[in-house]
Amino acid sequence: MDKALYPSFRILLVDDEPAWLDALALSLEWSGITNIVTCQDSREVMGIVESGDVELILLDLNMPNLGGEELLALIGERHPEIVTIVISGMNQVEGAVQCMKLGAYDYFVKTSEDERLVSGVVRAIRMLELKQENRQMSQCILHGELKHPEAFDAIITADSRMHAIFSYIEAVARSSEPLLITGESGVGKELFAQVAHRLSGCRGPLVAVNVAGLDDNAFSDTLFGHVRGAYTGADQARRGMIEEAADGTLFLDEIGDMSLPSQVKLLRLLQEGEYFPLGSDVPKRIRARVIVATHQDLTAKQAAGTFRRDLYYRFRTHQVHIPPLRERKGDLAPLLDHFLGEAARAFGKKKPTPPKELPQLLATHSFPGNVRELKAMVFDAVSTHRERVLSLESFYQALRATDGGTPPGLVGGPDQNPFACMERLPTFGSAIELLMDEALARSGGKQTIAARLLGMTPSGLNKRLKSLSK
Ligand SMILES: Nc1ncnc2c1ncn2[C@@H]1O[C@H](COP(=O)(O)OP(=O)(O)OP(=O)(O)O)[C@@H](O)[C@H]1O
C-alpha cells in the first residue's frame, strides 16, 4: 500500500549544492516530512511553482543565475500565498532583516543544528494547515446559529444566503485580520461593515473613508495625517483617519478604485502595522481593525494589472460577497414594507398600504442600483402620496427612468435589438404572441402590469389576448 505523503502540499527545496540538498531532504524525511521536491537550478523555480501544489519553499540565498533575494521578491509578488523559509550560508543580521522585509517567513543559517531547522519547517507546515482549517471552519460557520441576532436588526432580509453571511460576519467580527466586503453598489456593504464593527467589541469609533476619489497624496494625507509644515499650506498638524479610528474600525470603501501607489502604501500598512504621518520620521502603529469594501471585481482587476495580487491576498482571510437584489427577489416584499414604514415616519404620514400588484411589478425590474434604488423609489412614492393606498404611478415612472425608456424587465437596453442575431425572423403575429406571453409570465399573469411592461393600455392588451384565443 502507498504511504500518503506528508504534508498534503509539496515542499520545494532550492539549493545549488547537491550534497546540501540531499542532506536536507534526508533530515526532513527522517522527521516524517516526505512530500518534497528538490531543485538545483534557481532558474527552474518559478516553473515548478507555476505547475502548482507547492505551498512551502526552503530557499538558499547565494546561488548562481537567479539569486535567493530576487526569487524571494518574485515569489512574494506572484504567489504571495506561498510561505518561504530562507537558508543562508552567512550569518548576517542585515541579510536576515532584508529577507524578512521581502516576505520571508523565517531565516536559518546553514550551520544551525538540523533539529532547529526541522522544527522551523514543522512550524511553517502547522501554520499553513491552520490557515486551511480556518478557511474550512469559516465555511462551516456559514450554516450556524447567531449569538447576537439583534446586531443585524437593521439588515432586512428573508434570504438564506444573507443569513449565512450573518453567521460568517459574527464569526469573524473579533478577528484582527482585515475583512473584505464585495458586492454591487447599493447592496448594503456599509451596513454590513457597521454590524461587523458593532460585533467586534472595539470601543473606538467606526471611521469610514471613501478612497475612490483620492489621488495618492490625498490618500496619504487623509489616512496618515501630517505634521505642521509637511508641505506648503500645511499650517497645522492633522491627525490621519487611522488615528481617528484608534481602538475602533477603519472602513475603507471603494478600494477597487485605489491607485497603484496607494495600494502599495495600504499593503505596507497592513503588513508592518506602522505608518509615517507626512513630514514625520517617527512611525506610528495602527490600532484599528480594518474593513474594506468594493463593488469592483478584484479578480478581474488583478488580471488587468490594476489591482495588486499581494494586496488582494491580504484580504483573502475574511471575505464576504453580498448578492445583488435581483438574485434575492424574496427580499422585495419585506424591504418594501420596511421602507414604507421608514418613509412614512420621515414624512410624518400614516404608513400607506401598497397596491397588491406592487411586489410583482418590482419583481420585473433588475435593480441595477440594488436596495438603495428601491429605497429611493419608495421614499419618492410616499413623499407625493395622498390616498390610503399607494399609487403605482411613481413606481412606473421610476422603473421607466432607470431602464432608459425600455419597458422594465425586457431587452437589455434601448439600442439592443433582440432580433438582430436571428437568422430567420418570426412572423409578426408569433412575435407579438411571444412578447405577450413573456410579459404575462414576468407579471405573474397580472394583465395591468403586463400591459405596462409592453407600453400598452390594459384594455388594449386584453383585446389582443381575446383575439388570439378566437
Ligand atoms: N438589507 C437591507 N435592509 C435595510 N436597508 C438596506 C439593506 N441593504 C441596503 N440598505 C440601505 O440601502 C442603502 C445603501 O446601502 P449601503 O450604503 O450599505 O450600500 P453599499 O453596498 O455600501 O453601496 P456603495 O457600493 O454604493 O457604497 C442604505 O440606505 C442602506 O441603509
# chains A, B, ... in the order shown; residues from 1 in each chain; ligands from 1
>>> select_by_dssp(residues="region 298-419 of chain A", states="strand (DSSP E or B)", output="ChimeraX atom specification")
/A:318-321,353,389
>>> residues_near_ligand(ligand="ligand 1", cutoff="10 Å", atoms="only C-alpha atoms and all ligand atoms", output="number ranges by chain")
A: 152-159, 162, 181-194, 210, 253-254, 293-296, 322, 324-325, 331-332, 334-336, 338-339, 369-376
>>> residues_around(residues="region 281-285 of chain A", least_positions_apart="3", cutoff="12 Å", atoms="only C-alpha atoms", output="number ranges by chain")
A: 223-227, 230, 239-240, 242-243, 245-247, 268-278, 288
>>> residues_around(residues="Leu440 (chain A)", least_positions_apart="6", cutoff="9 Å", atoms="only C-alpha atoms", output="PyMOL selection string")
chain A and resi 446-447+449-451
>>> select_by_dssp(residues="region 39-275 of chain A", states="helix (DSSP H, G or I)", output="VMD selection string")
chain A and resid 42 to 50 68 to 78 93 to 101 114 to 141 149 to 152 160 to 172 189 to 199 216 to 224 241 to 244 255 to 257 260 to 272
>>> write_last_selection(atoms="C-alpha atoms", output="compact mmCIF listing (two decimals), in the first residue's frame")
# COMPACT_ATOMS: atom_id res chain seq x y z
CA SER A 42 17.29 28.61 -9.46
CA ARG A 43 16.05 29.45 -12.99
CA GLU A 44 13.66 26.50 -12.80
CA VAL A 45 11.99 27.54 -9.53
CA MET A 46 9.21 29.72 -10.95
CA GLY A 47 8.32 26.99 -13.46
CA ILE A 48 7.91 24.43 -10.66
CA VAL A 49 5.89 26.92 -8.63
CA GLU A 50 3.60 27.70 -11.60
CA GLY A 68 17.68 33.94 -3.49
CA GLU A 69 16.66 37.55 -2.82
CA GLU A 70 15.49 38.02 -6.40
CA LEU A 71 13.48 34.83 -6.21
CA LEU A 72 12.02 35.80 -2.86
CA ALA A 73 10.73 39.06 -4.33
CA LEU A 74 9.31 37.26 -7.38
CA ILE A 75 7.51 34.66 -5.27
CA GLY A 76 6.12 37.35 -2.94
CA GLU A 77 4.76 39.28 -5.89
CA ARG A 78 3.35 36.45 -7.99
CA VAL A 93 21.71 40.21 10.59
CA GLU A 94 21.23 42.63 7.67
CA GLY A 95 20.65 39.73 5.29
CA ALA A 96 18.04 38.23 7.57
CA VAL A 97 16.26 41.56 8.05
CA GLN A 98 16.23 42.18 4.29
CA CYS A 99 14.74 38.71 3.65
CA MET A 100 12.01 39.25 6.27
CA LYS A 101 11.20 42.57 4.61
CA ASP A 114 19.25 20.08 11.93
CA GLU A 115 16.77 19.95 14.78
CA ARG A 116 16.21 23.73 14.78
CA LEU A 117 15.78 23.80 11.04
CA VAL A 118 13.32 20.91 11.02
CA SER A 119 11.24 22.41 13.83
CA GLY A 120 11.14 25.68 11.83
CA VAL A 121 9.76 23.77 8.86
CA VAL A 122 7.22 21.96 11.07
CA ARG A 123 6.12 25.33 12.45
CA ALA A 124 5.53 26.65 8.93
CA ILE A 125 3.62 23.49 7.93
CA ARG A 126 1.42 23.82 11.02
CA MET A 127 0.72 27.47 10.24
CA LEU A 128 -0.32 26.57 6.69
CA GLU A 129 -2.51 23.74 7.97
CA LEU A 130 -4.15 26.10 10.49
CA LYS A 131 -4.92 28.55 7.71
CA GLN A 132 -6.51 25.77 5.73
CA GLU A 133 -8.55 24.68 8.79
CA ASN A 134 -9.59 28.28 9.35
CA ARG A 135 -10.91 28.51 5.80
CA GLN A 136 -12.82 25.25 6.24
CA MET A 137 -14.19 26.41 9.60
CA SER A 138 -15.42 29.62 8.03
CA GLN A 139 -17.36 27.54 5.54
CA CYS A 140 -18.96 25.50 8.36
CA ILE A 141 -19.90 28.66 10.20
CA PRO A 149 -29.21 38.29 16.12
CA GLU A 150 -30.13 41.78 17.38
CA ALA A 151 -26.93 43.19 15.86
CA PHE A 152 -28.42 42.51 12.42
CA SER A 160 -30.93 32.19 3.26
CA ARG A 161 -27.63 33.31 1.68
CA MET A 162 -27.86 36.60 3.56
CA HIS A 163 -28.48 34.70 6.83
CA ALA A 164 -25.37 32.61 6.10
CA ILE A 165 -23.43 35.88 5.70
CA PHE A 166 -24.76 37.00 9.12
CA SER A 167 -23.20 33.87 10.69
CA TYR A 168 -19.93 34.46 8.91
CA ILE A 169 -19.74 38.13 9.94
CA GLU A 170 -20.45 37.17 13.54
CA ALA A 171 -17.73 34.50 13.44
CA VAL A 172 -15.00 36.77 12.08
CA LYS A 189 -21.89 46.74 2.15
CA GLU A 190 -21.59 49.70 4.51
CA LEU A 191 -24.47 48.36 6.58
CA PHE A 192 -22.58 45.08 7.00
CA ALA A 193 -19.40 46.98 7.92
CA GLN A 194 -21.36 48.77 10.67
CA VAL A 195 -22.61 45.46 12.04
CA ALA A 196 -19.11 43.92 11.91
CA HIS A 197 -17.80 46.93 13.84
CA ARG A 198 -20.56 46.64 16.45
CA LEU A 199 -19.82 42.94 16.93
CA ASP A 216 -2.04 59.23 -3.93
CA ASN A 217 -1.11 62.40 -1.99
CA ALA A 218 -4.64 62.92 -0.73
CA PHE A 219 -4.76 59.21 0.22
CA SER A 220 -1.62 59.53 2.37
CA ASP A 221 -2.72 62.82 3.89
CA THR A 222 -6.22 61.54 4.70
CA LEU A 223 -5.10 58.25 6.19
CA PHE A 224 -1.72 59.07 7.75
CA MET A 241 -8.11 58.80 9.81
CA ILE A 242 -6.08 55.83 11.09
CA GLU A 243 -5.54 57.71 14.32
CA GLU A 244 -9.18 58.86 14.41
CA ILE A 255 -10.74 50.07 -2.50
CA GLY A 256 -11.05 48.67 -6.06
CA ASP A 257 -10.62 52.25 -7.31
CA LEU A 260 -1.39 51.53 -7.59
CA PRO A 261 0.93 53.72 -5.45
CA SER A 262 -1.79 53.94 -2.78
CA GLN A 263 -2.22 50.16 -2.94
CA VAL A 264 1.49 49.78 -2.10
CA LYS A 265 1.02 52.08 0.92
CA LEU A 266 -2.03 50.18 2.14
CA LEU A 267 -0.17 46.86 1.75
CA ARG A 268 2.77 48.17 3.77
CA LEU A 269 0.41 49.45 6.46
CA LEU A 270 -1.31 46.06 6.75
CA GLN A 271 1.97 44.11 6.67
CA GLU A 272 4.01 46.20 9.07
>>> residues_around(residues="region 298-303 of chain A", least_positions_apart="5", cutoff="8 Å", atoms="only C-alpha atoms", output="list in words")
Gly256, Arg308, Arg309 and Tyr312 of chain A
>>> closest_residue(among="A:Met422, A:Ala439, A:Ile85, A:Met258", to="Thr306 (chain A)", atoms="only C-alpha atoms")
A:Met258
>>> closest_residue(among="A:Ser443, A:Thr232, A:Ser430, A:Ser394", to="Pro359 (chain A)", atoms="only C-alpha atoms")
A:Ser443
